[in-house]
>>> print(open('structure-v6.cif').read())   # mmCIF, C-alpha atoms
data_protein
#
loop_
_atom_site.label_atom_id
_atom_site.label_comp_id
_atom_site.auth_asym_id
_atom_site.auth_seq_id
_atom_site.Cartn_x
_atom_site.Cartn_y
_atom_site.Cartn_z
CA MET A 1 32.87 65.77 91.23
CA SER A 2 30.94 64.46 88.27
CA ASP A 3 30.23 60.98 87.04
CA PRO A 4 32.66 59.37 84.57
CA THR A 5 30.36 59.97 81.59
CA GLY A 6 30.70 63.73 82.14
CA ARG A 7 27.08 64.07 83.18
CA ARG A 8 26.68 67.01 85.52
CA ARG A 9 24.01 68.48 87.70
CA VAL A 10 22.83 71.67 86.05
CA LEU A 11 20.57 74.04 87.95
CA ALA A 12 18.66 76.34 85.60
CA VAL A 13 17.14 79.35 87.33
CA ALA A 14 14.64 81.96 86.17
CA SER A 15 11.80 83.98 87.60
CA GLY A 16 8.56 84.18 85.63
CA GLY A 17 7.38 85.33 82.24
CA GLY A 18 10.05 86.24 79.70
CA HIS A 19 12.90 85.10 81.94
CA TRP A 20 11.43 81.61 82.07
CA VAL A 21 10.67 81.53 78.35
CA GLN A 22 14.26 82.51 77.53
CA LEU A 23 15.62 79.91 79.92
CA ARG A 24 13.59 77.21 78.20
CA ARG A 25 15.09 78.19 74.88
CA ILE A 26 18.67 77.57 76.04
CA VAL A 27 18.27 74.35 78.02
CA PRO A 28 18.80 72.13 74.94
CA ALA A 29 22.47 72.96 75.60
CA PHE A 30 22.25 70.87 78.77
CA GLU A 31 20.05 68.01 77.67
CA GLU A 32 22.68 65.33 78.32
CA HIS A 33 23.05 66.49 81.92
CA ASP A 34 20.98 66.08 85.07
CA LEU A 35 18.91 69.21 84.57
CA ARG A 36 16.83 70.80 87.33
CA TYR A 37 14.97 74.05 87.53
CA VAL A 38 14.28 76.79 90.03
CA THR A 39 11.44 79.17 89.30
CA ILE A 40 8.71 81.13 91.04
CA ASN A 41 5.48 79.63 89.77
CA ASP A 42 4.25 76.14 90.53
CA SER A 43 2.32 75.94 87.25
CA TYR A 44 5.58 76.09 85.25
CA ARG A 45 6.18 72.44 86.20
CA ALA A 46 3.91 71.54 83.30
CA ASP A 47 6.46 73.02 80.88
CA VAL A 48 9.17 70.61 82.01
CA PRO A 49 7.41 67.46 83.21
CA GLU A 50 10.59 65.38 82.92
CA SER A 51 12.68 67.51 85.29
CA PRO A 52 12.61 68.34 89.02
CA VAL A 53 11.43 71.90 89.67
CA TYR A 54 12.07 73.82 92.90
CA VAL A 55 9.67 76.67 93.47
CA VAL A 56 10.82 79.73 95.39
CA ARG A 57 9.18 82.99 96.28
CA ASP A 58 9.77 85.79 93.79
CA SER A 59 11.13 89.06 95.06
CA THR A 60 12.74 92.30 93.96
CA ARG A 61 15.53 94.38 95.44
CA TRP A 62 12.95 96.77 96.92
CA ASP A 63 11.52 94.04 99.12
CA LYS A 64 14.21 93.29 101.71
CA LEU A 65 12.26 90.68 103.65
CA GLY A 66 11.28 88.99 100.40
CA MET A 67 14.91 88.89 99.31
CA LEU A 68 15.93 87.35 102.63
CA ILE A 69 13.32 84.61 102.32
CA LEU A 70 14.25 84.01 98.68
CA GLY A 71 17.93 83.86 99.64
CA LEU A 72 17.29 81.24 102.30
CA GLN A 73 15.13 79.18 99.94
CA MET A 74 17.80 79.35 97.27
CA LEU A 75 20.46 78.31 99.78
CA VAL A 76 18.43 75.24 100.70
CA VAL A 77 18.10 74.30 97.01
CA MET A 78 21.85 74.80 96.44
CA LEU A 79 22.79 72.60 99.38
CA ARG A 80 20.34 69.92 98.30
CA VAL A 81 21.24 69.85 94.62
CA ARG A 82 24.95 70.74 94.84
CA PRO A 83 24.97 71.73 91.18
CA HIS A 84 28.12 71.63 89.06
CA VAL A 85 26.67 74.34 86.85
CA VAL A 86 24.24 77.17 87.63
CA VAL A 87 22.71 78.99 84.67
CA SER A 88 20.24 81.87 84.81
CA THR A 89 18.37 84.32 82.62
CA GLY A 90 17.30 86.47 85.61
CA ALA A 91 15.95 88.18 87.45
CA ALA A 92 16.40 88.47 91.26
CA PRO A 93 16.21 84.69 91.94
CA GLY A 94 18.78 84.11 89.22
CA CYS A 95 21.06 86.75 90.59
CA LEU A 96 21.00 85.09 94.02
CA ALA A 97 21.50 81.68 92.46
CA ILE A 98 24.65 82.86 90.68
CA LEU A 99 26.07 84.32 93.91
CA LEU A 100 25.28 81.21 95.95
CA GLY A 101 26.32 78.88 93.15
CA ARG A 102 29.69 80.53 92.95
CA ALA A 103 30.02 80.24 96.73
CA ILE A 104 29.63 76.46 96.55
CA GLY A 105 32.07 76.19 93.65
CA ALA A 106 29.72 75.73 90.72
CA ARG A 107 30.45 77.02 87.23
CA THR A 108 28.08 79.93 86.76
CA ILE A 109 26.47 81.34 83.62
CA TRP A 110 24.49 84.56 83.42
CA LEU A 111 22.59 85.22 80.21
CA ASP A 112 21.20 88.73 80.35
CA SER A 113 17.61 89.01 79.09
CA ILE A 114 17.13 90.08 75.51
CA ALA A 115 14.83 92.77 76.88
CA ASN A 116 17.92 94.68 78.03
CA VAL A 117 18.70 96.43 74.78
CA GLU A 118 20.38 99.61 75.95
CA GLU A 119 22.33 98.40 78.95
CA VAL A 120 22.89 95.21 80.91
CA SER A 121 20.28 94.68 83.62
CA MET A 122 20.79 95.65 87.25
CA SER A 123 20.93 91.95 88.18
CA GLY A 124 23.38 91.38 85.37
CA ARG A 125 25.69 94.09 86.64
CA LEU A 126 25.46 92.66 90.17
CA VAL A 127 26.78 89.27 89.07
CA ARG A 128 29.40 90.71 86.75
CA ARG A 129 32.41 89.82 88.89
CA VAL A 130 30.90 86.54 90.03
CA ALA A 131 29.50 84.78 86.98
CA GLY A 132 32.09 82.65 85.20
CA LEU A 133 30.41 83.26 81.89
CA TRP A 134 28.70 86.62 81.54
CA LEU A 135 26.61 86.92 78.38
CA THR A 136 24.55 89.61 76.69
CA GLN A 137 22.25 88.94 73.76
CA TRP A 138 23.16 92.19 72.00
CA PRO A 139 26.45 92.51 70.13
CA HIS A 140 26.56 96.25 70.73
CA LEU A 141 26.57 95.71 74.50
CA SER A 142 29.51 93.30 74.44
CA SER A 143 33.08 94.42 75.02
CA ALA A 144 36.47 93.08 76.09
CA ASP A 145 35.91 93.95 79.75
CA GLY A 146 32.11 93.66 79.56
CA PRO A 147 29.75 90.86 78.71
CA GLU A 148 30.41 88.41 75.91
CA TYR A 149 28.04 88.00 72.97
CA ALA A 150 27.63 84.41 71.76
CA GLY A 151 24.20 84.56 70.12
CA ARG A 152 20.67 85.07 71.27
CA VAL A 153 17.67 83.01 72.30
CA PHE A 154 15.96 83.15 68.90
CA MET B 1 3.40 71.28 58.26
CA ILE B 2 1.28 71.61 55.14
CA PHE B 3 -2.23 70.25 55.37
CA VAL B 4 -4.11 69.29 52.25
CA THR B 5 -7.85 68.63 52.20
CA VAL B 6 -10.20 67.80 49.35
CA GLY B 7 -13.33 67.16 51.43
CA ALA B 8 -14.99 63.81 51.98
CA GLN B 9 -17.42 63.61 49.05
CA MET B 10 -15.29 63.06 45.98
CA SER B 11 -11.68 62.45 45.19
CA PHE B 12 -9.66 65.26 43.63
CA ASP B 13 -6.58 63.53 42.32
CA ARG B 14 -5.50 66.42 40.09
CA LEU B 15 -4.87 68.51 43.20
CA VAL B 16 -3.40 65.63 45.21
CA GLY B 17 -1.00 64.87 42.36
CA TRP B 18 0.19 68.49 42.20
CA VAL B 19 0.91 68.53 45.93
CA ASP B 20 2.61 65.15 45.75
CA ASP B 21 4.89 66.41 42.97
CA TRP B 22 5.64 69.58 44.91
CA ALA B 23 6.53 67.65 48.08
CA ALA B 24 8.57 65.00 46.25
CA LYS B 25 10.61 67.62 44.39
CA ARG B 26 11.58 69.17 47.72
CA ASP B 27 11.77 65.91 49.67
CA ARG B 28 9.37 67.27 52.29
CA ASP B 29 7.98 64.76 54.74
CA ASP B 30 5.65 67.19 56.52
CA VAL B 31 2.81 67.27 54.02
CA VAL B 32 -0.36 65.58 55.26
CA ALA B 33 -3.27 65.03 52.90
CA GLN B 34 -6.87 64.12 53.47
CA ILE B 35 -7.71 62.77 50.01
CA GLY B 36 -11.28 61.42 50.27
CA PRO B 37 -12.44 58.34 48.34
CA SER B 38 -9.35 58.05 46.14
CA ASP B 39 -7.08 55.28 44.95
CA TYR B 40 -4.21 57.66 44.44
CA GLN B 41 -0.89 56.16 45.58
CA PRO B 42 1.27 59.07 46.66
CA ARG B 43 5.06 59.05 46.46
CA GLN B 44 5.68 61.61 49.15
CA LEU B 45 2.47 62.62 50.95
CA LYS B 46 1.23 61.22 54.21
CA VAL B 47 -2.30 60.22 53.35
CA ILE B 48 -5.41 60.05 55.51
CA PRO B 49 -8.60 59.28 53.49
CA PHE B 50 -11.13 60.58 56.05
CA MET B 51 -11.03 62.28 59.45
CA THR B 52 -13.45 63.04 62.24
CA PRO B 53 -14.14 66.76 62.69
CA PRO B 54 -11.93 67.03 65.81
CA GLU B 55 -9.06 65.27 64.00
CA PHE B 56 -9.56 67.57 61.08
CA ARG B 57 -9.46 70.71 63.20
CA ALA B 58 -6.37 69.47 65.07
CA ARG B 59 -4.51 69.00 61.78
CA LEU B 60 -5.64 72.38 60.55
CA ALA B 61 -4.45 74.03 63.74
CA GLU B 62 -0.99 72.49 63.30
CA ALA B 63 -0.65 73.60 59.71
CA ASP B 64 1.56 76.47 58.48
CA VAL B 65 -0.27 76.48 55.17
CA VAL B 66 -3.54 74.83 54.08
CA VAL B 67 -4.15 73.56 50.56
CA ALA B 68 -7.78 72.84 49.72
CA HIS B 69 -10.37 72.38 47.05
CA ALA B 70 -12.73 75.35 46.89
CA GLY B 71 -15.21 73.76 49.30
CA MET B 72 -16.63 76.16 51.83
CA GLY B 73 -16.19 73.71 54.73
CA SER B 74 -12.45 73.58 54.18
CA ILE B 75 -12.14 77.29 53.48
CA LEU B 76 -14.19 78.47 56.46
CA ASN B 77 -12.37 76.20 58.88
CA ALA B 78 -8.97 77.37 57.64
CA LEU B 79 -9.94 81.06 57.66
CA GLU B 80 -11.35 80.76 61.15
CA LEU B 81 -7.89 79.69 62.32
CA GLY B 82 -6.23 82.44 60.31
CA LYS B 83 -4.28 80.01 58.14
CA PRO B 84 -2.95 80.98 54.74
CA ILE B 85 -4.94 78.93 52.29
CA LEU B 86 -4.20 77.94 48.70
CA VAL B 87 -7.39 76.99 46.89
CA VAL B 88 -7.74 74.89 43.74
CA PRO B 89 -11.27 74.87 42.28
CA ARG B 90 -12.81 71.65 41.01
CA HIS B 91 -13.89 71.82 37.37
CA GLY B 92 -17.35 70.68 36.33
CA GLU B 93 -16.26 69.80 32.80
CA TRP B 94 -13.80 67.21 34.14
CA GLU B 95 -16.44 65.82 36.50
CA GLU B 96 -14.47 66.83 39.57
CA THR B 97 -17.79 68.13 40.86
CA ARG B 98 -21.21 68.71 39.32
CA ASN B 99 -20.65 72.18 37.89
CA ASP B 100 -18.26 75.12 37.95
CA HIS B 101 -19.50 76.64 41.21
CA GLN B 102 -16.09 76.12 42.84
CA ILE B 103 -14.41 78.23 40.17
CA ALA B 104 -16.78 81.11 40.87
CA THR B 105 -16.36 80.76 44.63
CA ALA B 106 -12.57 80.62 44.42
CA ASN B 107 -12.37 83.66 42.16
CA ARG B 108 -14.68 85.72 44.35
CA LEU B 109 -12.87 84.87 47.60
CA GLY B 110 -9.53 85.33 45.85
CA ALA B 111 -10.57 88.81 44.70
CA GLU B 112 -11.43 89.65 48.31
CA GLY B 113 -7.95 88.59 49.39
CA LEU B 114 -9.21 85.84 51.68
CA VAL B 115 -7.58 82.98 49.80
CA THR B 116 -4.94 82.43 47.14
CA VAL B 117 -6.21 80.67 44.01
CA ALA B 118 -4.29 78.41 41.64
CA ASP B 119 -5.95 76.84 38.62
CA SER B 120 -2.94 75.40 36.80
CA ALA B 121 0.02 73.25 37.77
CA GLU B 122 2.44 76.14 37.19
CA ASP B 123 0.46 78.60 39.30
CA PHE B 124 0.05 75.97 41.98
CA GLU B 125 3.75 75.25 42.31
CA ARG B 126 4.68 78.92 42.39
CA GLU B 127 1.97 79.97 44.87
CA LEU B 128 2.49 77.08 47.27
CA THR B 129 6.22 77.78 47.38
CA ARG B 130 5.53 81.43 48.11
CA LEU B 131 2.95 80.78 50.84
CA VAL B 132 5.12 78.22 52.61
CA GLN B 133 8.09 80.54 52.50
CA GLU B 134 6.09 83.47 53.89
CA ALA B 135 4.50 81.38 56.62
CA THR B 136 7.75 79.96 57.92
CA GLU B 137 9.92 83.06 57.50
CA SER B 138 7.97 85.02 60.06
CA ARG B 139 8.36 82.34 62.71
CA ILE B 140 11.32 81.83 65.01
CA SER B 141 12.81 78.42 65.72
CA ALA B 142 12.03 76.57 68.94
CA HIS B 143 15.49 77.03 70.42
CA ALA B 144 18.22 79.57 70.90
CA GLN B 145 20.76 80.13 68.12
CA PRO B 146 23.07 77.12 67.66
CA GLU B 147 26.20 79.17 68.39
CA LEU B 148 24.77 80.26 71.75
CA LEU B 149 23.89 76.66 72.64
CA ASP B 150 27.41 75.57 71.67
CA ARG B 151 28.99 78.21 73.90
CA LEU B 152 26.83 77.16 76.86
CA ARG B 153 27.47 73.47 76.24
CA GLU B 154 31.20 73.99 76.08
CA TYR B 155 31.29 76.17 79.19
CA ALA B 156 29.22 73.72 81.25
CA LEU B 157 31.76 70.99 80.56
CA GLY B 158 34.75 72.98 81.78
CA ASP B 159 36.62 72.28 85.03
CA ARG B 160 35.45 73.80 88.23
#
>>> encode(input="structure-v6.cif", output="structure tokens")
Amino acid sequence: MSDPTGRRRVLAVASGGGHWVQLRRIVPAFEEHDLRYVTINDSYRADVPESPVYVVRDSTRWDKLGMLILGLQMLVVMLRVRPHVVVSTGAAPGCLAILLGRAIGARTIWLDSIANVEEVSMSGRLVRRVAGLWLTQWPHLSSADGPEYAGRVF
Amino acid sequence: MIFVTVGAQMSFDRLVGWVDDWAAKRDRDDVVAQIGPSDYQPRQLKVIPFMTPPEFRARLAEADVVVAHAGMGSILNALELGKPILVVPRHGEWEETRNDHQIATANRLGAEGLVTVADSAEDFERELTRLVQEATESRISAHAQPELLDRLREYALGDR
């Protein structure tokens, strides 16, 4: 499953902009692992020159064909990487990655964006029953049967 | 990082000594000083006698706070980058420069709120401490909170 040193394959997934910036702020937690990224913009490779980056097409839930293509791309990445851990800060690509990651037996972490101040995001609610660790960045949104609060990205 | 510059023409060891004391007292290893033609042997500062203009601007851009003599080259460059700047004027009477023009410049720019001026060791220590605190308080760290990183780290190591 993993090598004897405990090093694991971690797939870190985020779409663009703030989702990507927040993801980059949490990856120090996985620096001893084999860390790889999935994102939507080829130019983001420059942010993480030391790690493999898989680029997928971005989509939203209103674009059904886009979601299908994104889903297939994400499936290909999952089968290639076979991650032990999938972690995401959103949005749609991350949501799909959590669902597919769970399907292949990975440990899954959803960190809801700090931009969701009043309620957990739609993507966040979609992965609620699936993500092994379901985190919000706002203490007032956490609850016993809701997301856990363990700190925020800054 | 705190960047100190006294220009390239003359040394200004009174200022360099104040910064060195300040940094040594706090054991800070992120204070870089361009000290000009000086034989000063600092205890704590990282010293660079002279720099090319691009080197100079790169150091300025990195700085949280700039400490400078009241030379317009230093002041204009720092203001252009929006850096907080603590200015110490050279005194003519002590032959730190040819006359007291730096005192007049510093006071005028200080009155306009463009720079902070310190003309004594006590003022210098107090004002530098304040500027550094203000400049770093408003900035967030490069990473997520340690407790969040710990939670993620721990979870990633669990059994599947």
>>> resolve_selection(input="structure-v6.cif", expression="the PyMOL selection byres ((chain A) within 7 of (chain B))", output="list in words")
Arg25, Ile26, Ala29, Phe30, Val85, Gly105, Ala106, Arg107, Ala150, Gly151, Arg152, Val153 and Phe154 of chain A
>>> residues_near_point(input="structure-v6.cif", point="(-10.7, 87.8, 54.2)", cutoff="12 Å", atoms="all atoms listed in the file", output="ChimeraX atom specification")
/B:75-76,78-85,108-116
>>> write_last_selection(input="structure-v6.cif", atoms="C-alpha atoms", output="PDB file, in the coordinates of the input")
ATOM      1  CA  ILE B  75     -12.140  77.290  53.480  1.00  0.00           C
ATOM      2  CA  LEU B  76     -14.190  78.470  56.460  1.00  0.00           C
ATOM      3  CA  ALA B  78      -8.970  77.370  57.640  1.00  0.00           C
ATOM      4  CA  LEU B  79      -9.940  81.060  57.660  1.00  0.00           C
ATOM      5  CA  GLU B  80     -11.350  80.760  61.150  1.00  0.00           C
ATOM      6  CA  LEU B  81      -7.890  79.690  62.320  1.00  0.00           C
ATOM      7  CA  GLY B  82      -6.230  82.440  60.310  1.00  0.00           C
ATOM      8  CA  LYS B  83      -4.280  80.010  58.140  1.00  0.00           C
ATOM      9  CA  PRO B  84      -2.950  80.980  54.740  1.00  0.00           C
ATOM     10  CA  ILE B  85      -4.940  78.930  52.290  1.00  0.00           C
ATOM     11  CA  ARG B 108     -14.680  85.720  44.350  1.00  0.00           C
ATOM     12  CA  LEU B 109     -12.870  84.870  47.600  1.00  0.00           C
ATOM     13  CA  GLY B 110      -9.530  85.330  45.850  1.00  0.00           C
ATOM     14  CA  ALA B 111     -10.570  88.810  44.700  1.00  0.00           C
ATOM     15  CA  GLU B 112     -11.430  89.650  48.310  1.00  0.00           C
ATOM     16  CA  GLY B 113      -7.950  88.590  49.390  1.00  0.00           C
ATOM     17  CA  LEU B 114      -9.210  85.840  51.680  1.00  0.00           C
ATOM     18  CA  VAL B 115      -7.580  82.980  49.800  1.00  0.00           C
ATOM     19  CA  THR B 116      -4.940  82.430  47.140  1.00  0.00           C
TER      20      THR B 116
END
>>> atom_distance(input="structure-v6.cif", atom1="CA of Val6 in chain B", atom2="CA of Glu134 in chain B")
23.1 Å
>>> residues_around(input="structure-v6.cif", residues="Glu95 in chain B", least_positions_apart="6", cutoff="12 Å", atoms="only C-alpha atoms", output="mmCIF file with C-alpha atoms, in the coordinates of the input")
data_model
loop_
_atom_site.group_PDB
_atom_site.id
_atom_site.type_symbol
_atom_site.label_atom_id
_atom_site.label_comp_id
_atom_site.auth_asym_id
_atom_site.auth_seq_id
_atom_site.Cartn_x
_atom_site.Cartn_y
_atom_site.Cartn_z
ATOM 1 C CA MET B 10 -15.290 63.060 45.980
ATOM 2 C CA SER B 11 -11.680 62.450 45.190
ATOM 3 C CA PHE B 12 -9.660 65.260 43.630
ATOM 4 C CA ASP B 13 -6.580 63.530 42.320
ATOM 5 C CA ARG B 14 -5.500 66.420 40.090
ATOM 6 C CA PRO B 89 -11.270 74.870 42.280
#
>>> residues_around(input="structure-v6.cif", residues="Asp58 in chain A", least_positions_apart="4", cutoff="10 Å", atoms="all atoms listed in the file", output="number ranges by chain")
A: 14-16, 39-41, 63, 66-67, 69-70, 91-93
>>> resolve_selection(input="structure-v6.cif", expression="the PyMOL selection byres ((chain B and resi 27-43) around 12)", output="ChimeraX atom specification")
/B:1-26,44-52,55-56,59-60,62-69,74,128,132
>>> residues_around(input="structure-v6.cif", residues="Leu135 in chain A", least_positions_apart="2", cutoff="6 Å", atoms="all atoms listed in the file", output="JSON, numbers by chain")
{"A": [110, 111, 147, 148, 149]}
>>> atom_distance(input="structure-v6.cif", atom1="CA of Ala70 in chain B", atom2="CA of Asp123 in chain B")
15.6 Å
>>> atom_distance(input="structure-v6.cif", atom1="CA of Asp42 in chain A", atom2="CA of Gly90 in chain A")
17.4 Å
>>> closest_residue(input="structure-v6.cif", among="A:Ser59, A:Thr136, A:Thr89, A:Ser142", to="Gln22 in chain A", atoms="all atoms listed in the file")
A:Thr89
>>> residues_around(input="structure-v6.cif", residues="Ser51 in chain A", least_positions_apart="5", cutoff="10 Å", atoms="all atoms listed in the file", output="JSON, numbers by chain")
{"A": [34, 35, 36, 37, 45, 46]}
>>> resolve_selection(input="structure-v6.cif", expression="the PyMOL selection byres ((chain A and resi 75) around 12)", output="list in words")
Val38, Tyr54, Val56, Met67, Leu68, Ile69, Leu70, Gly71, Leu72, Gln73, Met74, Val76, Val77, Met78, Leu79, Arg80, Val81, Arg82, Pro83, Pro93, Leu96, Ala97, Ile98, Leu99, Leu100, Gly101, Arg102, Ala103 and Ile104 of chain A
>>> closest_residue(input="structure-v6.cif", among="A:Val10, A:Ile109, A:Met122, A:Val55", to="His33 in chain A", atoms="all atoms listed in the file")
A:Val10
>>> closest_residue(input="structure-v6.cif", among="A:Thr60, A:Asp112, A:His84, A:Val21", to="Gly6 in chain A", atoms="all atoms listed in the file")
A:His84
>>> axis_aligned_box(input="structure-v6.cif", around="range 134-146 of chain A", padding_each_side="5 Å", output="AutoDock Vina command-line options")
--center_x 29.4 --center_y 91.4 --center_z 75.8 --size_x 24.2 --size_y 19.6 --size_z 21.4
>>> residues_around(input="structure-v6.cif", residues="Val117 in chain A", least_positions_apart="2", cutoff="10 Å", atoms="only C-alpha atoms", output="PyMOL selection string")
chain A and resi 112-115+119-121+136-141
>>> write_last_selection(input="structure-v6.cif", atoms="C-alpha atoms", output="tab-separated table (two decimals), keeping the file's coordinate frame")
chain	number	residue	atom	x	y	z
A	112	ASP	CA	21.20	88.73	80.35
A	113	SER	CA	17.61	89.01	79.09
A	114	ILE	CA	17.13	90.08	75.51
A	115	ALA	CA	14.83	92.77	76.88
A	119	GLU	CA	22.33	98.40	78.95
A	120	VAL	CA	22.89	95.21	80.91
A	121	SER	CA	20.28	94.68	83.62
A	136	THR	CA	24.55	89.61	76.69
A	137	GLN	CA	22.25	88.94	73.76
A	138	TRP	CA	23.16	92.19	72.00
A	139	PRO	CA	26.45	92.51	70.13
A	140	HIS	CA	26.56	96.25	70.73
A	141	LEU	CA	26.57	95.71	74.50
